>>> print(open('my_file_15.pdb').read())   # PDB, C-alpha atoms and all ligand atoms
ATOM      1  CA  MET A   1      94.967  -9.681  15.841  1.00  0.00           C
ATOM      2  CA  LYS A   2      96.367  -8.413  12.563  1.00  0.00           C
ATOM      3  CA  ILE A   3      94.424  -5.646  10.838  1.00  0.00           C
ATOM      4  CA  ASN A   4      94.759  -3.748   7.607  1.00  0.00           C
ATOM      5  CA  GLY A   5      93.045  -0.572   6.562  1.00  0.00           C
ATOM      6  CA  ALA A   6      92.785   1.957   3.778  1.00  0.00           C
ATOM      7  CA  CYS A   7      91.477   5.488   3.462  1.00  0.00           C
ATOM      8  CA  LEU A   8      88.374   6.397   1.479  1.00  0.00           C
ATOM      9  CA  CYS A   9      90.251   7.389  -1.704  1.00  0.00           C
ATOM     10  CA  GLY A  10      92.713   4.488  -1.490  1.00  0.00           C
ATOM     11  CA  GLU A  11      95.888   6.618  -1.560  1.00  0.00           C
ATOM     12  CA  VAL A  12      96.912   5.401   1.915  1.00  0.00           C
ATOM     13  CA  ALA A  13      96.893   1.816   3.202  1.00  0.00           C
ATOM     14  CA  TYR A  14      98.359   0.404   6.401  1.00  0.00           C
ATOM     15  CA  GLU A  15      98.559  -2.590   8.704  1.00  0.00           C
ATOM     16  CA  ALA A  16      99.078  -3.198  12.427  1.00  0.00           C
ATOM     17  CA  GLU A  17      98.531  -5.578  15.323  1.00  0.00           C
ATOM     18  CA  VAL A  18      95.750  -4.763  17.787  1.00  0.00           C
ATOM     19  CA  ASP A  19      94.172  -6.282  20.872  1.00  0.00           C
ATOM     20  CA  PRO A  20      90.434  -6.865  20.117  1.00  0.00           C
ATOM     21  CA  ALA A  21      89.715  -6.704  23.868  1.00  0.00           C
ATOM     22  CA  ALA A  22      90.965  -3.104  23.969  1.00  0.00           C
ATOM     23  CA  VAL A  23      88.505  -1.423  21.609  1.00  0.00           C
ATOM     24  CA  PHE A  24      86.797   1.709  22.942  1.00  0.00           C
ATOM     25  CA  ALA A  25      84.153   4.149  21.793  1.00  0.00           C
ATOM     26  CA  CYS A  26      85.608   7.596  22.499  1.00  0.00           C
ATOM     27  CA  HIS A  27      83.076  10.381  23.070  1.00  0.00           C
ATOM     28  CA  CYS A  28      85.569  13.199  23.671  1.00  0.00           C
ATOM     29  CA  ASN A  29      84.900  16.552  22.005  1.00  0.00           C
ATOM     30  CA  ASP A  30      87.968  16.264  19.768  1.00  0.00           C
ATOM     31  CA  CYS A  31      86.835  12.871  18.416  1.00  0.00           C
ATOM     32  CA  GLN A  32      83.370  14.272  17.735  1.00  0.00           C
ATOM     33  CA  THR A  33      84.792  17.272  15.898  1.00  0.00           C
ATOM     34  CA  GLN A  34      87.419  15.475  13.840  1.00  0.00           C
ATOM     35  CA  SER A  35      85.173  12.564  12.883  1.00  0.00           C
ATOM     36  CA  GLY A  36      82.135  14.735  12.239  1.00  0.00           C
ATOM     37  CA  THR A  37      79.961  12.401  14.290  1.00  0.00           C
ATOM     38  CA  ALA A  38      79.073  11.527  17.865  1.00  0.00           C
ATOM     39  CA  PHE A  39      81.942   9.224  18.787  1.00  0.00           C
ATOM     40  CA  ARG A  40      84.895   7.389  17.322  1.00  0.00           C
ATOM     41  CA  THR A  41      85.853   3.730  17.692  1.00  0.00           C
ATOM     42  CA  VAL A  42      89.526   3.345  18.592  1.00  0.00           C
ATOM     43  CA  VAL A  43      92.039   0.636  19.486  1.00  0.00           C
ATOM     44  CA  ARG A  44      95.685   0.895  20.476  1.00  0.00           C
ATOM     45  CA  ALA A  45      98.244  -0.585  18.110  1.00  0.00           C
ATOM     46  CA  THR A  46     100.709  -3.069  19.577  1.00  0.00           C
ATOM     47  CA  PRO A  47     103.893  -0.950  19.949  1.00  0.00           C
ATOM     48  CA  GLY A  48     105.971  -0.936  16.779  1.00  0.00           C
ATOM     49  CA  SER A  49     103.390  -2.860  14.722  1.00  0.00           C
ATOM     50  CA  PHE A  50     101.926  -0.027  12.634  1.00  0.00           C
ATOM     51  CA  ARG A  51     103.254   0.599   9.162  1.00  0.00           C
ATOM     52  CA  THR A  52     101.894   2.202   6.024  1.00  0.00           C
ATOM     53  CA  THR A  53     101.853  -0.143   3.035  1.00  0.00           C
ATOM     54  CA  ARG A  54     100.860   2.547   0.525  1.00  0.00           C
ATOM     55  CA  GLY A  55     101.042   6.329   0.428  1.00  0.00           C
ATOM     56  CA  GLU A  56     102.015   8.813   3.109  1.00  0.00           C
ATOM     57  CA  LEU A  57     100.018  10.229   5.980  1.00  0.00           C
ATOM     58  CA  ARG A  58      99.842  13.877   6.972  1.00  0.00           C
ATOM     59  CA  SER A  59      99.495  15.006  10.583  1.00  0.00           C
ATOM     60  CA  TYR A  60      97.847  17.735  12.578  1.00  0.00           C
ATOM     61  CA  LEU A  61      99.336  18.447  16.021  1.00  0.00           C
ATOM     62  CA  LYS A  62      96.627  19.024  18.604  1.00  0.00           C
ATOM     63  CA  THR A  63      96.888  19.977  22.271  1.00  0.00           C
ATOM     64  CA  ALA A  64      94.780  17.669  24.455  1.00  0.00           C
ATOM     65  CA  GLU A  65      92.867  18.834  27.526  1.00  0.00           C
ATOM     66  CA  SER A  66      95.754  17.414  29.623  1.00  0.00           C
ATOM     67  CA  GLY A  67      98.182  19.677  27.793  1.00  0.00           C
ATOM     68  CA  ASN A  68      99.736  16.720  25.978  1.00  0.00           C
ATOM     69  CA  LYS A  69     100.375  17.147  22.306  1.00  0.00           C
ATOM     70  CA  ARG A  70      98.959  14.450  20.031  1.00  0.00           C
ATOM     71  CA  SER A  71      99.667  14.015  16.374  1.00  0.00           C
ATOM     72  CA  LEU A  72      96.500  13.214  14.386  1.00  0.00           C
ATOM     73  CA  ALA A  73      97.354  11.351  11.180  1.00  0.00           C
ATOM     74  CA  PHE A  74      95.100  11.431   8.136  1.00  0.00           C
ATOM     75  CA  CYS A  75      95.108  10.903   4.381  1.00  0.00           C
ATOM     76  CA  PRO A  76      96.264  14.173   2.758  1.00  0.00           C
ATOM     77  CA  ASN A  77      93.930  13.597  -0.186  1.00  0.00           C
ATOM     78  CA  CYS A  78      90.576  12.488   1.294  1.00  0.00           C
ATOM     79  CA  GLY A  79      91.027  13.343   4.984  1.00  0.00           C
ATOM     80  CA  THR A  80      90.277   9.882   6.389  1.00  0.00           C
ATOM     81  CA  SER A  81      91.427   9.817  10.002  1.00  0.00           C
ATOM     82  CA  VAL A  82      93.937   6.992  10.609  1.00  0.00           C
ATOM     83  CA  TYR A  83      95.362   7.435  14.115  1.00  0.00           C
ATOM     84  CA  GLY A  84      96.250   9.702  16.994  1.00  0.00           C
ATOM     85  CA  GLY A  85      99.812   9.288  18.186  1.00  0.00           C
ATOM     86  CA  PRO A  86     102.637  10.954  20.094  1.00  0.00           C
ATOM     87  CA  ALA A  87     104.012  14.313  18.986  1.00  0.00           C
ATOM     88  CA  PRO A  88     107.101  14.072  16.751  1.00  0.00           C
ATOM     89  CA  GLY A  89     110.115  12.964  18.800  1.00  0.00           C
ATOM     90  CA  GLU A  90     108.037  11.775  21.764  1.00  0.00           C
ATOM     91  CA  GLU A  91     107.210   8.297  23.070  1.00  0.00           C
ATOM     92  CA  GLY A  92     103.634   7.065  23.164  1.00  0.00           C
ATOM     93  CA  TYR A  93     100.962   4.803  21.800  1.00  0.00           C
ATOM     94  CA  LEU A  94      99.050   4.959  18.511  1.00  0.00           C
ATOM     95  CA  SER A  95      95.280   5.059  18.849  1.00  0.00           C
ATOM     96  CA  LEU A  96      94.005   3.618  15.569  1.00  0.00           C
ATOM     97  CA  ARG A  97      90.606   4.595  14.127  1.00  0.00           C
ATOM     98  CA  VAL A  98      88.750   1.302  13.699  1.00  0.00           C
ATOM     99  CA  GLY A  99      86.285   2.620  11.087  1.00  0.00           C
ATOM    100  CA  ALA A 100      88.793   2.307   8.220  1.00  0.00           C
ATOM    101  CA  PHE A 101      89.890  -1.256   9.051  1.00  0.00           C
ATOM    102  CA  GLU A 102      88.899  -4.096   6.743  1.00  0.00           C
ATOM    103  CA  GLN A 103      88.238  -6.123   9.948  1.00  0.00           C
ATOM    104  CA  ARG A 104      86.049  -3.482  11.621  1.00  0.00           C
ATOM    105  CA  ASP A 105      83.045  -5.852  11.865  1.00  0.00           C
ATOM    106  CA  ALA A 106      85.072  -8.060  14.228  1.00  0.00           C
ATOM    107  CA  LEU A 107      85.969  -5.239  16.616  1.00  0.00           C
ATOM    108  CA  THR A 108      83.318  -4.332  19.172  1.00  0.00           C
ATOM    109  CA  PRO A 109      83.869  -1.595  21.749  1.00  0.00           C
ATOM    110  CA  ARG A 110      84.382  -2.975  25.264  1.00  0.00           C
ATOM    111  CA  ALA A 111      83.825   0.363  26.933  1.00  0.00           C
ATOM    112  CA  HIS A 112      82.685   3.918  26.333  1.00  0.00           C
ATOM    113  CA  VAL A 113      85.204   6.579  27.340  1.00  0.00           C
ATOM    114  CA  TRP A 114      84.823  10.352  27.794  1.00  0.00           C
ATOM    115  CA  THR A 115      81.060   9.944  28.268  1.00  0.00           C
ATOM    116  CA  ARG A 116      81.167  13.292  30.104  1.00  0.00           C
ATOM    117  CA  SER A 117      80.884  14.837  26.629  1.00  0.00           C
ATOM    118  CA  ALA A 118      78.780  12.082  24.984  1.00  0.00           C
ATOM    119  CA  GLN A 119      75.753  13.151  22.970  1.00  0.00           C
ATOM    120  CA  PRO A 120      72.710  12.254  25.069  1.00  0.00           C
ATOM    121  CA  TRP A 121      70.949  10.394  22.221  1.00  0.00           C
ATOM    122  CA  VAL A 122      73.800   7.939  21.661  1.00  0.00           C
ATOM    123  CA  PHE A 123      72.728   5.445  24.294  1.00  0.00           C
ATOM    124  CA  GLU A 124      69.127   5.386  23.025  1.00  0.00           C
ATOM    125  CA  ALA A 125      70.134   5.180  19.352  1.00  0.00           C
ATOM    126  CA  GLY A 126      68.830   1.595  19.023  1.00  0.00           C
ATOM    127  CA  GLU A 127      65.281   2.802  19.652  1.00  0.00           C
ATOM    128  CA  VAL A 128      64.838   5.169  16.678  1.00  0.00           C
ATOM    129  CA  PRO A 129      63.639   4.030  13.199  1.00  0.00           C
ATOM    130  CA  ARG A 130      66.177   2.165  11.048  1.00  0.00           C
ATOM    131  CA  PHE A 131      66.690   2.082   7.276  1.00  0.00           C
ATOM    132  CA  GLU A 132      69.044  -0.377   5.570  1.00  0.00           C
ATOM    133  CA  THR A 133      70.212   2.388   3.203  1.00  0.00           C
ATOM    134  CA  GLN A 134      69.424   6.080   2.668  1.00  0.00           C
ATOM    135  CA  PRO A 135      65.604   6.337   2.866  1.00  0.00           C
ATOM    136  CA  GLN A 136      63.848   7.743  -0.234  1.00  0.00           C
ATOM    137  CA  ALA A 137      61.294   9.878   1.556  1.00  0.00           C
ATOM    138  CA  ARG A 138      62.148  11.653   4.759  1.00  0.00           C
ATOM    139  CA  PRO A 139      60.182  13.921   7.009  1.00  0.00           C
ATOM    140  CA  ARG A 140      61.132  17.536   6.205  1.00  0.00           C
ATOM    141  CA  GLU A 141      62.562  18.187   9.646  1.00  0.00           C
ATOM    142  CA  GLU A 142      65.076  15.368   9.136  1.00  0.00           C
ATOM    143  CA  ALA A 143      66.276  16.640   5.761  1.00  0.00           C
ATOM    144  CA  LYS A 144      68.632  19.279   7.104  1.00  0.00           C
TER
HETATM  145 ZN    ZN B 201      92.604   9.006   1.021  1.00  0.00          ZN
HETATM  146 ZN    ZN B 202      88.418  10.905  21.701  1.00  0.00          ZN
END
>>> encode(input="my_file_15.pdb", output="structure tokens")
Amino acid sequence: MKINGACLCGEVAYEAEVDPAAVFACHCNDCQTQSGTAFRTVVRATPGSFRTTRGELRSYLKTAESGNKRSLAFCPNCGTSVYGGPAPGEEGYLSLRVGAFEQRDALTPRAHVWTRSAQPWVFEAGEVPRFETQPQARPREEAK
């Protein structure tokens, strides 16, 4: 499946091929920290298919729990996370962040990974009250 995405500010845009059957929700601590939320939806790019169509990405080199180095690419202006990939000069796959794809509604996670560090509320999240947009009045304890 062909996808295209853009960051929040629009400075960076990109396209790639992905396998819709290989979408995962990643609950690892690094995904929680970098995304600022409880998990991140990811899919591997078909090797060689990713290219930026506008702007240039910046990268942060992290060391994974395994000791592997991974290069985390993001928009230098707005910080939107675009992918995790191999360290410069190394071979490896690109793990694209589905949330910035135009086609994100068509990509459903097929598995949860790194649930060892998942937030315990995530799997009951469908049972709490829902609002179609930001609610006007909130209980004080929620307004943190
Ligand atoms: Zn941006
Ligand atoms: Zn992760």
>>> residues_around(input="my_file_15.pdb", residues="A:Cys7", least_positions_apart="5", cutoff="9 Å", atoms="all atoms listed in the file", output="list in words")
Val12, Ala13, Phe74, Cys75, Cys78, Gly79, Thr80, Ser81, Val82, Ala100 and Phe101 of chain A
>>> closest_residue(input="my_file_15.pdb", among="A:Ser117, A:Ser49, A:Asn68, A:Gln134", to="A:Cys26", atoms="only C-alpha atoms")
A:Ser117
>>> closest_residue(input="my_file_15.pdb", among="A:Gly55, A:Pro109, A:Gly126, A:Pro47", to="A:Leu94", atoms="all atoms listed in the file")
A:Pro47
>>> resolve_selection(input="my_file_15.pdb", expression="the PyMOL selection byres (((chain A and resi 102) around 6) and not hetatm)", output="PyMOL selection string")
chain A and resi 4-5+101+103-104
>>> closest_residue(input="my_file_15.pdb", among="A:Leu107, A:Leu8, A:Met1, A:Leu57", to="ligand ZN 201 (chain B)", atoms="all atoms listed in the file")
A:Leu8
>>> resolve_selection(input="my_file_15.pdb", expression="the PyMOL selection byres (((chain A and resi 27) around 10) and not hetatm)", output="mmCIF file with C-alpha atoms, in the frame of the given file")
data_model
loop_
_atom_site.group_PDB
_atom_site.id
_atom_site.type_symbol
_atom_site.label_atom_id
_atom_site.label_comp_id
_atom_site.auth_asym_id
_atom_site.auth_seq_id
_atom_site.Cartn_x
_atom_site.Cartn_y
_atom_site.Cartn_z
ATOM 1 C CA PHE A 24 86.797 1.709 22.942
ATOM 2 C CA ALA A 25 84.153 4.149 21.793
ATOM 3 C CA CYS A 26 85.608 7.596 22.499
ATOM 4 C CA CYS A 28 85.569 13.199 23.671
ATOM 5 C CA ASN A 29 84.900 16.552 22.005
ATOM 6 C CA ASP A 30 87.968 16.264 19.768
ATOM 7 C CA CYS A 31 86.835 12.871 18.416
ATOM 8 C CA GLN A 32 83.370 14.272 17.735
ATOM 9 C CA THR A 37 79.961 12.401 14.290
ATOM 10 C CA ALA A 38 79.073 11.527 17.865
ATOM 11 C CA PHE A 39 81.942 9.224 18.787
ATOM 12 C CA ARG A 40 84.895 7.389 17.322
ATOM 13 C CA THR A 41 85.853 3.730 17.692
ATOM 14 C CA HIS A 112 82.685 3.918 26.333
ATOM 15 C CA VAL A 113 85.204 6.579 27.340
ATOM 16 C CA TRP A 114 84.823 10.352 27.794
ATOM 17 C CA THR A 115 81.060 9.944 28.268
ATOM 18 C CA ARG A 116 81.167 13.292 30.104
ATOM 19 C CA SER A 117 80.884 14.837 26.629
ATOM 20 C CA ALA A 118 78.780 12.082 24.984
ATOM 21 C CA GLN A 119 75.753 13.151 22.970
ATOM 22 C CA VAL A 122 73.800 7.939 21.661
#
>>> resolve_selection(input="my_file_15.pdb", expression="the PyMOL selection byres (((chain A and resi 16) around 8) and not hetatm)", output="PyMOL selection string")
chain A and resi 2-4+14-15+17-18+45-46+49-51
>>> closest_residue(input="my_file_15.pdb", among="A:Val128, A:Pro20, A:Gly10, A:Arg110", to="A:Leu96", atoms="only C-alpha atoms")
A:Pro20
>>> closest_residue(input="my_file_15.pdb", among="A:Gly92, A:Glu11, A:Arg54, A:Arg44", to="A:Ser71", atoms="all atoms listed in the file")
A:Gly92
>>> atom_distance(input="my_file_15.pdb", atom1="atom CA of A:Ala21", atom2="atom CA of A:Val43")
8.9 Å
>>> closest_residue(input="my_file_15.pdb", among="A:Tyr83, A:Asn77, A:Gly36, A:Thr53", to="ligand ZN 201 (chain B)", atoms="all atoms listed in the file")
A:Asn77
>>> atom_distance(input="my_file_15.pdb", atom1="atom CA of A:Thr63", atom2="atom CA of A:Ser35")
16.7 Å
